[in-house]
$ cat start_21.pdb   # PDB, C-alpha atoms
ATOM      1  CA  MET A   1     171.020  84.428  81.199
ATOM      2  CA  VAL A   2     173.417  81.492  80.934
ATOM      3  CA  VAL A   3     175.905  83.241  83.209
ATOM      4  CA  VAL A   4     173.257  83.954  85.846
ATOM      5  CA  SER A   5     172.100  80.314  85.760
ATOM      6  CA  LEU A   6     175.638  79.023  86.240
ATOM      7  CA  ILE A   7     176.214  81.356  89.189
ATOM      8  CA  LEU A   8     172.975  80.195  90.839
ATOM      9  CA  VAL A   9     173.991  76.533  90.393
ATOM     10  CA  VAL A  10     177.345  77.174  92.077
ATOM     11  CA  LEU A  11     175.833  79.101  95.002
ATOM     12  CA  LEU A  12     173.094  76.540  95.608
ATOM     13  CA  SER A  13     175.596  73.675  95.430
ATOM     14  CA  VAL A  14     177.880  75.232  98.044
ATOM     15  CA  LYS A  15     174.928  76.175 100.279
ATOM     16  CA  THR A  16     173.471  72.666 100.086
ATOM     17  CA  SER A  17     176.820  71.126 100.925
ATOM     18  CA  ASN A  18     177.324  73.378 103.955
ATOM     19  CA  ALA A  19     173.765  72.986 105.204
ATOM     20  CA  ASN A  20     173.677  69.216 105.032
ATOM     21  CA  SER A  21     175.201  67.989 108.313
ATOM     22  CA  GLU A  22     173.600  64.541 108.215
ATOM     23  CA  LEU A  23     176.455  62.107 108.841
ATOM     24  CA  ASP A  24     174.537  58.961 109.735
ATOM     25  CA  GLY A  25     175.924  55.915 107.992
ATOM     26  CA  VAL A  26     178.806  57.666 106.253
ATOM     27  CA  LEU A  27     181.464  55.366 107.753
ATOM     28  CA  LYS A  28     181.667  52.052 105.906
ATOM     29  CA  LEU A  29     183.385  49.220 107.740
ATOM     30  CA  THR A  30     185.147  46.394 105.891
ATOM     31  CA  ILE A  31     187.668  43.705 106.802
ATOM     32  CA  SER A  32     190.738  44.173 104.613
ATOM     33  CA  SER A  33     192.875  41.220 105.686
ATOM     34  CA  ILE A  34     193.275  38.561 108.373
ATOM     35  CA  THR A  35     196.363  36.730 109.592
ATOM     36  CA  TRP A  36     196.718  34.248 112.418
ATOM     37  CA  GLU A  37     199.405  32.432 114.378
ATOM     38  CA  PHE A  38     199.631  29.768 117.061
ATOM     39  CA  ASP A  39     199.948  31.256 120.540
ATOM     40  CA  SER A  40     199.989  28.616 123.285
ATOM     41  CA  LYS A  41     198.241  25.555 124.673
ATOM     42  CA  THR A  42     197.010  24.242 128.010
ATOM     43  CA  GLU A  43     195.685  20.860 129.092
ATOM     44  CA  ASN A  44     192.266  21.676 127.659
ATOM     45  CA  TYR A  45     192.705  23.850 124.596
ATOM     46  CA  ALA A  46     195.018  25.437 122.036
ATOM     47  CA  SER A  47     195.072  29.211 121.573
ATOM     48  CA  PHE A  48     195.493  31.127 118.332
ATOM     49  CA  ASP A  49     195.901  34.857 117.819
ATOM     50  CA  MET A  50     193.997  36.407 114.942
ATOM     51  CA  TYR A  51     194.991  39.851 113.664
ATOM     52  CA  ILE A  52     192.400  41.778 111.696
ATOM     53  CA  ASN A  53     193.011  44.760 109.425
ATOM     54  CA  ILE A  54     189.864  46.869 109.272
ATOM     55  CA  THR A  55     189.292  49.676 106.774
ATOM     56  CA  ILE A  56     186.941  52.524 107.629
ATOM     57  CA  ASP A  57     185.807  54.423 104.534
ATOM     58  CA  ASN A  58     184.547  57.912 105.308
ATOM     59  CA  ILE A  59     182.487  58.775 102.229
ATOM     60  CA  SER A  60     181.610  62.269 103.456
ATOM     61  CA  ASP A  61     183.742  65.368 102.939
ATOM     62  CA  LYS A  62     184.156  65.956 106.694
ATOM     63  CA  ALA A  63     186.489  64.482 109.291
ATOM     64  CA  ILE A  64     184.530  62.453 111.863
ATOM     65  CA  GLU A  65     185.646  61.786 115.428
ATOM     66  CA  THR A  66     184.185  58.800 117.228
ATOM     67  CA  TYR A  67     184.948  57.038 120.511
ATOM     68  CA  PHE A  68     185.357  53.409 121.530
ATOM     69  CA  PRO A  69     184.512  52.068 124.995
ATOM     70  CA  ASP A  70     187.580  49.829 125.311
ATOM     71  CA  SER A  71     191.004  49.116 123.859
ATOM     72  CA  CYS A  72     189.691  46.440 121.483
ATOM     73  CA  LYS A  73     187.738  49.135 119.621
ATOM     74  CA  PHE A  74     185.376  46.823 117.740
ATOM     75  CA  ASP A  75     183.826  43.785 119.364
ATOM     76  CA  SER A  76     184.280  40.762 117.118
ATOM     77  CA  TYR A  77     183.234  37.139 117.075
ATOM     78  CA  ILE A  78     183.580  34.086 114.845
ATOM     79  CA  ASN A  79     180.989  31.670 113.531
ATOM     80  CA  TYR A  80     182.415  28.404 112.256
ATOM     81  CA  GLN A  81     181.690  25.057 110.648
ATOM     82  CA  LEU A  82     184.716  22.804 111.100
ATOM     83  CA  ASN A  83     185.430  19.638 109.160
ATOM     84  CA  ASP A  84     185.956  17.858 112.486
ATOM     85  CA  SER A  85     182.602  18.285 114.227
ATOM     86  CA  SER A  86     184.052  17.166 117.571
ATOM     87  CA  LEU A  87     186.035  20.411 117.845
ATOM     88  CA  THR A  88     184.502  23.454 119.466
ATOM     89  CA  LEU A  89     185.801  26.985 119.272
ATOM     90  CA  THR A  90     185.497  29.891 121.681
ATOM     91  CA  THR A  91     186.600  33.488 121.373
ATOM     92  CA  HIS A  92     187.196  35.743 124.324
ATOM     93  CA  GLY A  93     188.613  38.914 122.868
ATOM     94  CA  ASN A  94     186.493  41.057 125.171
ATOM     95  CA  ASP A  95     188.127  39.491 128.233
ATOM     96  CA  VAL A  96     191.526  40.969 127.356
ATOM     97  CA  CYS A  97     190.305  44.492 126.496
ATOM     98  CA  LEU A  98     191.236  47.410 128.710
ATOM     99  CA  PHE A  99     188.209  49.457 129.697
ATOM    100  CA  VAL A 100     189.527  52.806 128.533
ATOM    101  CA  ILE A 101     187.805  55.241 126.188
ATOM    102  CA  LEU A 102     189.694  55.636 122.923
ATOM    103  CA  GLY A 103     189.050  58.264 120.271
ATOM    104  CA  LEU A 104     189.499  57.883 116.545
ATOM    105  CA  ILE A 105     189.430  60.605 113.893
ATOM    106  CA  CYS A 106     188.448  59.426 110.412
ATOM    107  CA  PRO A 107     189.293  61.951 107.680
ATOM    108  CA  PRO A 108     187.534  61.689 104.316
ATOM    109  CA  GLY A 109     188.733  58.556 102.553
ATOM    110  CA  ALA A 110     190.121  55.348 104.047
ATOM    111  CA  THR A 111     191.439  54.839 107.586
ATOM    112  CA  LEU A 112     193.163  51.615 108.648
ATOM    113  CA  VAL A 113     192.440  50.167 112.105
ATOM    114  CA  LEU A 114     193.986  47.042 113.608
ATOM    115  CA  ASP A 115     191.950  44.636 115.741
ATOM    116  CA  TYR A 116     192.797  41.441 117.583
ATOM    117  CA  GLU A 117     190.933  38.283 118.504
ATOM    118  CA  ARG A 118     192.061  35.236 120.473
ATOM    119  CA  VAL A 119     190.593  31.885 119.476
ATOM    120  CA  ASN A 120     190.540  28.853 121.779
ATOM    121  CA  ILE A 121     189.882  25.350 120.436
ATOM    122  CA  ASN A 122     189.211  22.376 122.694
ATOM    123  CA  ASP A 123     192.122  20.270 121.441
ATOM    124  CA  SER A 124     195.487  20.899 123.062
ATOM    125  CA  SER A 125     197.324  18.920 120.373
ATOM    126  CA  LEU A 126     196.557  21.475 117.649
ATOM    127  CA  THR A 127     199.202  23.875 116.383
ATOM    128  CA  THR A 128     197.230  25.148 113.382
ATOM    129  CA  LEU A 129     193.679  26.348 112.944
ATOM    130  CA  PRO A 130     191.489  23.360 112.026
ATOM    131  CA  ASN A 131     190.146  23.058 108.500
ATOM    132  CA  GLY A 132     186.677  24.375 107.903
ATOM    133  CA  TYR A 133     184.641  27.476 107.155
ATOM    134  CA  TYR A 134     184.768  30.583 109.307
ATOM    135  CA  GLU A 135     182.752  33.784 109.402
ATOM    136  CA  LEU A 136     184.287  36.780 111.137
ATOM    137  CA  VAL A 137     181.967  39.561 112.340
ATOM    138  CA  VAL A 138     183.455  42.861 113.478
ATOM    139  CA  GLY A 139     181.745  45.798 115.145
ATOM    140  CA  GLU A 140     178.202  44.490 115.496
ATOM    141  CA  GLN A 141     177.555  45.785 119.021
ATOM    142  CA  PHE A 142     179.452  49.027 118.491
ATOM    143  CA  THR A 143     177.913  49.994 115.158
ATOM    144  CA  ASP A 144     174.413  49.303 116.476
ATOM    145  CA  SER A 145     174.862  52.190 118.920
ATOM    146  CA  ASN A 146     176.928  54.511 116.701
ATOM    147  CA  SER A 147     175.014  56.280 113.947
ATOM    148  CA  TYR A 148     178.171  57.205 112.021
ATOM    149  CA  PHE A 149     178.646  53.586 110.969
ATOM    150  CA  GLU A 150     176.447  51.990 108.342
ATOM    151  CA  SER A 151     176.711  48.426 109.688
ATOM    152  CA  GLU A 152     179.097  45.811 111.018
ATOM    153  CA  ALA A 153     181.678  44.132 108.785
ATOM    154  CA  ARG A 154     181.393  40.441 107.891
ATOM    155  CA  THR A 155     183.608  38.177 105.869
ATOM    156  CA  THR A 156     183.843  34.429 105.331
ATOM    157  CA  PHE A 157     186.971  32.404 104.661
ATOM    158  CA  GLN A 158     188.101  28.800 104.503
ATOM    159  CA  ILE A 159     191.047  27.088 106.171
ATOM    160  CA  TYR A 160     192.247  24.021 104.303
ATOM    161  CA  ASP A 161     195.439  21.922 104.368
ATOM    162  CA  ASN A 162     196.402  23.829 107.525
ATOM    163  CA  SER A 163     196.961  26.946 105.449
ATOM    164  CA  SER A 164     197.761  30.230 107.187
ATOM    165  CA  PHE A 165     196.969  32.208 104.031
ATOM    166  CA  ILE A 166     193.456  33.647 104.169
ATOM    167  CA  THR A 167     191.859  34.922 100.969
ATOM    168  CA  LEU A 168     189.127  37.504 101.402
ATOM    169  CA  PRO A 169     186.673  38.958  98.895
ATOM    170  CA  GLU A 170     187.750  42.162  97.200
ATOM    171  CA  ARG A 171     187.080  45.217  99.353
ATOM    172  CA  PRO A 172     184.123  47.208  98.015
ATOM    173  CA  THR A 173     184.516  50.720  96.682
ATOM    174  CA  TYR A 174     182.015  53.405  97.523
ATOM    175  CA  GLN A 175     180.509  56.103  95.352
ATOM    176  CA  LEU A 176     180.678  59.770  96.213
ATOM    177  CA  THR A 177     177.969  61.110  98.467
ATOM    178  CA  GLU A 178     175.674  63.927  97.400
ATOM    179  CA  ASP A 179     177.677  66.361  99.535
ATOM    180  CA  THR A 180     180.944  65.465  97.869
ATOM    181  CA  TYR A 181     179.297  65.564  94.457
ATOM    182  CA  THR A 182     178.025  69.110  94.940
ATOM    183  CA  VAL A 183     181.445  70.296  96.094
ATOM    184  CA  LEU A 184     183.096  68.725  93.054
ATOM    185  CA  THR A 185     180.447  70.279  90.816
ATOM    186  CA  SER A 186     181.300  73.684  92.246
ATOM    187  CA  LEU A 187     185.019  73.141  91.698
ATOM    188  CA  ILE A 188     184.361  72.189  88.086
ATOM    189  CA  LEU A 189     181.988  75.079  87.352
ATOM    190  CA  LEU A 190     184.142  77.828  88.872
ATOM    191  CA  PRO A 191     186.947  77.553  86.265
ATOM    192  CA  ILE A 192     184.310  77.480  83.510
ATOM    193  CA  LEU A 193     182.795  80.700  84.825
ATOM    194  CA  PHE A 194     186.238  82.281  85.134
ATOM    195  CA  ARG A 195     187.079  81.445  81.517
ATOM    196  CA  PHE A 196     183.687  82.696  80.327
ATOM    197  CA  PHE A 197     184.085  86.070  82.039
ATOM    198  CA  ARG A 198     187.695  86.366  80.864
ATOM    199  CA  ARG A 199     186.728  85.627  77.260
ATOM    200  CA  LYS A 200     183.815  88.077  77.427
ATOM    201  CA  ARG A 201     186.123  90.740  78.863
ATOM    202  CA  ASN A 202     188.711  90.189  76.145
ATOM    203  CA  ASN A 203     186.059  90.367  73.427
ATOM    204  CA  SER A 204     184.765  93.680  74.785
ATOM    205  CA  ARG A 205     188.163  95.251  74.278
ATOM    206  CA  PHE A 206     187.919  94.784  70.544
ATOM    207  CA  LEU A 207     184.478  96.359  70.231
TER     208      LEU A 207
END
$ encode --input "start_21.pdb" --output "structure tokens"
Amino acid sequence: MVVVSLILVVLLSVKTSNANSELDGVLKLTISSITWEFDSKTENYASFDMYINITIDNISDKAIETYFPDSCKFDSYINYQLNDSSLTLTTHGNDVCLFVILGLICPPGATLVLDYERVNINDSSLTTLPNGYYELVVGEQFTDSNSYFESEARTTFQIYDNSSFITLPERPTYQLTEDTYTVLTSLILLPILFRFFRRKRNNSRFL
């Protein structure tokens, strides 16, 4: 009876895993790191380039292919509260994107994607990002229309003493999905069944 029960558990686990094709929200988007550098200046503003490392965690057991409408992949923008309230900041990353469709395959686990944002500040004398608090939002428009992604990625950071080092919160880790759990359960139970049958077979030889 125990053997029959174990076999049924294995078969049902594999069947459930294969039957469940619901992939909505299985891609988790987080911002892994940010670096920036001075780019150029005009009579009206100073420009800074911001490079964003994005991690896509695929918590399913299937590879997922998704498409982006332009070369910037994820649309991003910055909210800010600067120490000098006379400064204003604009971002125009979408203006420099090429309107080409790009595909991306995300295997199970983590995939690293690079993104770029240009920041303009209305002070041509600046050569460093001004001190203050920033919030970077990545993928809001794209993830709203793509069911694979759970939500956009947001992170806050502070610039102080003209520092170029940006400290971000620790990247979250995600638990296994039900699909992955049932597959792992099957992989664990199969060796147990094999040993059980082998032991029973060996015991029958001595009877």
$ resolve_selection --input "start_21.pdb" --expression "the PyMOL selection byres ((chain A and resi 77) around 6)" --output "JSON, numbers by chain"
{"A": [76, 78, 137]}
$ write_last_selection --input "start_21.pdb" --atoms "C-alpha atoms" --output "PDB file, keeping the file's coordinate frame"
ATOM      1  CA  SER A  76     184.280  40.762 117.118  1.00  0.00           C
ATOM      2  CA  ILE A  78     183.580  34.086 114.845  1.00  0.00           C
ATOM      3  CA  VAL A 137     181.967  39.561 112.340  1.00  0.00           C
TER       4      VAL A 137
END
$ closest_residue --input "start_21.pdb" --among "A:Leu87, A:Leu126, A:Leu23, A:Leu136" --to "Leu168 in chain A" --atoms "only C-alpha atoms"
A:Leu136
$ closest_residue --input "start_21.pdb" --among "A:Ala63, A:Pro69, A:Ser47, A:Ala110" --to "Thr90 in chain A" --atoms "only C-alpha atoms"
A:Ser47
$ residues_near_point --input "start_21.pdb" --point "(183.2, 59.5, 115.5)" --cutoff "9 Å" --atoms "all atoms listed in the file" --output "PyMOL selection string"
chain A and resi 27+63-68+103-106+146-149
$ atom_distance --input "start_21.pdb" --atom1 "CA of Thr88 in chain A" --atom2 "CA of Asp123 in chain A"
8.5 Å
$ atom_distance --input "start_21.pdb" --atom1 "CA of Phe99 in chain A" --atom2 "CA of Leu129 in chain A"
29.1 Å
$ resolve_selection --input "start_21.pdb" --expression "the PyMOL selection byres ((chain A and resi 133) around 9)" --output "list in words"
Asn79, Tyr80, Gln81, Leu82, Asn83, Asn131, Gly132, Tyr134, Glu135, Thr156, Phe157, Gln158, Ile159 and Tyr160 of chain A
$ write_last_selection --input "start_21.pdb" --atoms "C-alpha atoms" --output "PDB file, keeping the file's coordinate frame"
ATOM      1  CA  ASN A  79     180.989  31.670 113.531  1.00  0.00           C
ATOM      2  CA  TYR A  80     182.415  28.404 112.256  1.00  0.00           C
ATOM      3  CA  GLN A  81     181.690  25.057 110.648  1.00  0.00           C
ATOM      4  CA  LEU A  82     184.716  22.804 111.100  1.00  0.00           C
ATOM      5  CA  ASN A  83     185.430  19.638 109.160  1.00  0.00           C
ATOM      6  CA  ASN A 131     190.146  23.058 108.500  1.00  0.00           C
ATOM      7  CA  GLY A 132     186.677  24.375 107.903  1.00  0.00           C
ATOM      8  CA  TYR A 134     184.768  30.583 109.307  1.00  0.00           C
ATOM      9  CA  GLU A 135     182.752  33.784 109.402  1.00  0.00           C
ATOM     10  CA  THR A 156     183.843  34.429 105.331  1.00  0.00           C
ATOM     11  CA  PHE A 157     186.971  32.404 104.661  1.00  0.00           C
ATOM     12  CA  GLN A 158     188.101  28.800 104.503  1.00  0.00           C
ATOM     13  CA  ILE A 159     191.047  27.088 106.171  1.00  0.00           C
ATOM     14  CA  TYR A 160     192.247  24.021 104.303  1.00  0.00           C
TER      15      TYR A 160
END
$ resolve_selection --input "start_21.pdb" --expression "the PyMOL selection byres ((chain A and resi 127) around 9)" --output "PyMOL selection string"
chain A and resi 37-41+46-48+124-126+128-130
$ closest_residue --input "start_21.pdb" --among "A:Asp144, A:Asp49, A:Asp24, A:Asp61" --to "Phe74 in chain A" --atoms "all atoms listed in the file"
A:Asp144
$ atom_distance --input "start_21.pdb" --atom1 "CA of Thr91 in chain A" --atom2 "CA of Ile56 in chain A"
23.5 Å
$ residues_around --input "start_21.pdb" --residues "Lys28 in chain A" --least-positions-apart "4" --cutoff "12 Å" --atoms "all atoms listed in the file" --output "NGL selection string"
:A and (23-24 or 54-60 or 106 or 108-112 or 139 or 143 or 147-154 or 171-175)
$ closest_residue --input "start_21.pdb" --among "A:Leu114, A:Ser86, A:Thr155, A:Trp36" --to "Asn53 in chain A" --atoms "only C-alpha atoms"
A:Leu114
$ decode --input "start_21.pdb" --residues "range 47-65 of chain A" --atoms "N, CA, C and O atoms" --output "PDB file, in the first residue's frame"
ATOM      1  N   SER A  47      24.930  66.981 -18.517  1.00  0.00           N
ATOM      2  CA  SER A  47      24.396  65.645 -18.786  1.00  0.00           C
ATOM      3  C   SER A  47      25.224  64.582 -18.067  1.00  0.00           C
ATOM      4  O   SER A  47      26.460  64.654 -18.025  1.00  0.00           O
ATOM      5  N   PHE A  48      24.511  63.599 -17.539  1.00  0.00           N
ATOM      6  CA  PHE A  48      25.139  62.470 -16.858  1.00  0.00           C
ATOM      7  C   PHE A  48      24.562  61.171 -17.413  1.00  0.00           C
ATOM      8  O   PHE A  48      23.352  61.090 -17.688  1.00  0.00           O
ATOM      9  N   ASP A  49      25.425  60.191 -17.596  1.00  0.00           N
ATOM     10  CA  ASP A  49      24.989  58.880 -18.055  1.00  0.00           C
ATOM     11  C   ASP A  49      24.869  57.943 -16.866  1.00  0.00           C
ATOM     12  O   ASP A  49      25.787  57.839 -16.043  1.00  0.00           O
ATOM     13  N   MET A  50      23.734  57.279 -16.776  1.00  0.00           N
ATOM     14  CA  MET A  50      23.483  56.348 -15.684  1.00  0.00           C
ATOM     15  C   MET A  50      23.330  54.949 -16.270  1.00  0.00           C
ATOM     16  O   MET A  50      22.525  54.721 -17.184  1.00  0.00           O
ATOM     17  N   TYR A  51      24.130  54.013 -15.767  1.00  0.00           N
ATOM     18  CA  TYR A  51      24.106  52.636 -16.248  1.00  0.00           C
ATOM     19  C   TYR A  51      23.477  51.752 -15.177  1.00  0.00           C
ATOM     20  O   TYR A  51      23.881  51.780 -14.015  1.00  0.00           O
ATOM     21  N   ILE A  52      22.509  50.966 -15.593  1.00  0.00           N
ATOM     22  CA  ILE A  52      21.683  50.214 -14.646  1.00  0.00           C
ATOM     23  C   ILE A  52      21.813  48.727 -14.940  1.00  0.00           C
ATOM     24  O   ILE A  52      21.547  48.283 -16.071  1.00  0.00           O
ATOM     25  N   ASN A  53      22.223  47.960 -13.951  1.00  0.00           N
ATOM     26  CA  ASN A  53      22.223  46.502 -14.053  1.00  0.00           C
ATOM     27  C   ASN A  53      20.899  45.981 -13.500  1.00  0.00           C
ATOM     28  O   ASN A  53      20.573  46.218 -12.333  1.00  0.00           O
ATOM     29  N   ILE A  54      20.167  45.290 -14.336  1.00  0.00           N
ATOM     30  CA  ILE A  54      18.859  44.757 -13.963  1.00  0.00           C
ATOM     31  C   ILE A  54      18.944  43.233 -13.926  1.00  0.00           C
ATOM     32  O   ILE A  54      19.511  42.620 -14.835  1.00  0.00           O
ATOM     33  N   THR A  55      18.395  42.632 -12.882  1.00  0.00           N
ATOM     34  CA  THR A  55      18.337  41.180 -12.789  1.00  0.00           C
ATOM     35  C   THR A  55      16.900  40.719 -12.965  1.00  0.00           C
ATOM     36  O   THR A  55      15.988  41.229 -12.313  1.00  0.00           O
ATOM     37  N   ILE A  56      16.710  39.782 -13.881  1.00  0.00           N
ATOM     38  CA  ILE A  56      15.401  39.167 -14.093  1.00  0.00           C
ATOM     39  C   ILE A  56      15.460  37.760 -13.521  1.00  0.00           C
ATOM     40  O   ILE A  56      16.210  36.915 -14.008  1.00  0.00           O
ATOM     41  N   ASP A  57      14.696  37.505 -12.464  1.00  0.00           N
ATOM     42  CA  ASP A  57      14.621  36.175 -11.877  1.00  0.00           C
ATOM     43  C   ASP A  57      13.417  35.438 -12.456  1.00  0.00           C
ATOM     44  O   ASP A  57      12.277  35.859 -12.269  1.00  0.00           O
ATOM     45  N   ASN A  58      13.696  34.351 -13.152  1.00  0.00           N
ATOM     46  CA  ASN A  58      12.640  33.481 -13.659  1.00  0.00           C
ATOM     47  C   ASN A  58      12.432  32.364 -12.644  1.00  0.00           C
ATOM     48  O   ASN A  58      13.248  31.454 -12.528  1.00  0.00           O
ATOM     49  N   ILE A  59      11.354  32.442 -11.869  1.00  0.00           N
ATOM     50  CA  ILE A  59      11.145  31.483 -10.788  1.00  0.00           C
ATOM     51  C   ILE A  59      10.330  30.270 -11.245  1.00  0.00           C
ATOM     52  O   ILE A  59       9.943  29.445 -10.418  1.00  0.00           O
ATOM     53  N   SER A  60      10.086  30.165 -12.555  1.00  0.00           N
ATOM     54  CA  SER A  60       9.438  28.960 -13.068  1.00  0.00           C
ATOM     55  C   SER A  60      10.519  27.978 -13.510  1.00  0.00           C
ATOM     56  O   SER A  60      11.712  28.263 -13.447  1.00  0.00           O
ATOM     57  N   ASP A  61      10.098  26.813 -13.972  1.00  0.00           N
ATOM     58  CA  ASP A  61      11.058  25.817 -14.453  1.00  0.00           C
ATOM     59  C   ASP A  61      11.087  25.777 -15.978  1.00  0.00           C
ATOM     60  O   ASP A  61      11.550  24.809 -16.567  1.00  0.00           O
ATOM     61  N   LYS A  62      10.617  26.853 -16.627  1.00  0.00           N
ATOM     62  CA  LYS A  62      10.576  26.925 -18.081  1.00  0.00           C
ATOM     63  C   LYS A  62      11.308  28.172 -18.558  1.00  0.00           C
ATOM     64  O   LYS A  62      11.285  29.205 -17.896  1.00  0.00           O
ATOM     65  N   ALA A  63      11.955  28.060 -19.716  1.00  0.00           N
ATOM     66  CA  ALA A  63      12.540  29.237 -20.352  1.00  0.00           C
ATOM     67  C   ALA A  63      11.420  30.089 -20.936  1.00  0.00           C
ATOM     68  O   ALA A  63      10.466  29.568 -21.518  1.00  0.00           O
ATOM     69  N   ILE A  64      11.522  31.400 -20.774  1.00  0.00           N
ATOM     70  CA  ILE A  64      10.474  32.319 -21.246  1.00  0.00           C
ATOM     71  C   ILE A  64      11.104  33.307 -22.224  1.00  0.00           C
ATOM     72  O   ILE A  64      12.129  33.926 -21.937  1.00  0.00           O
ATOM     73  N   GLU A  65      10.461  33.459 -23.379  1.00  0.00           N
ATOM     74  CA  GLU A  65      10.926  34.420 -24.374  1.00  0.00           C
ATOM     75  C   GLU A  65       9.954  35.595 -24.406  1.00  0.00           C
ATOM     76  O   GLU A  65       8.741  35.407 -24.520  1.00  0.00           O
TER      77      GLU A  65
END
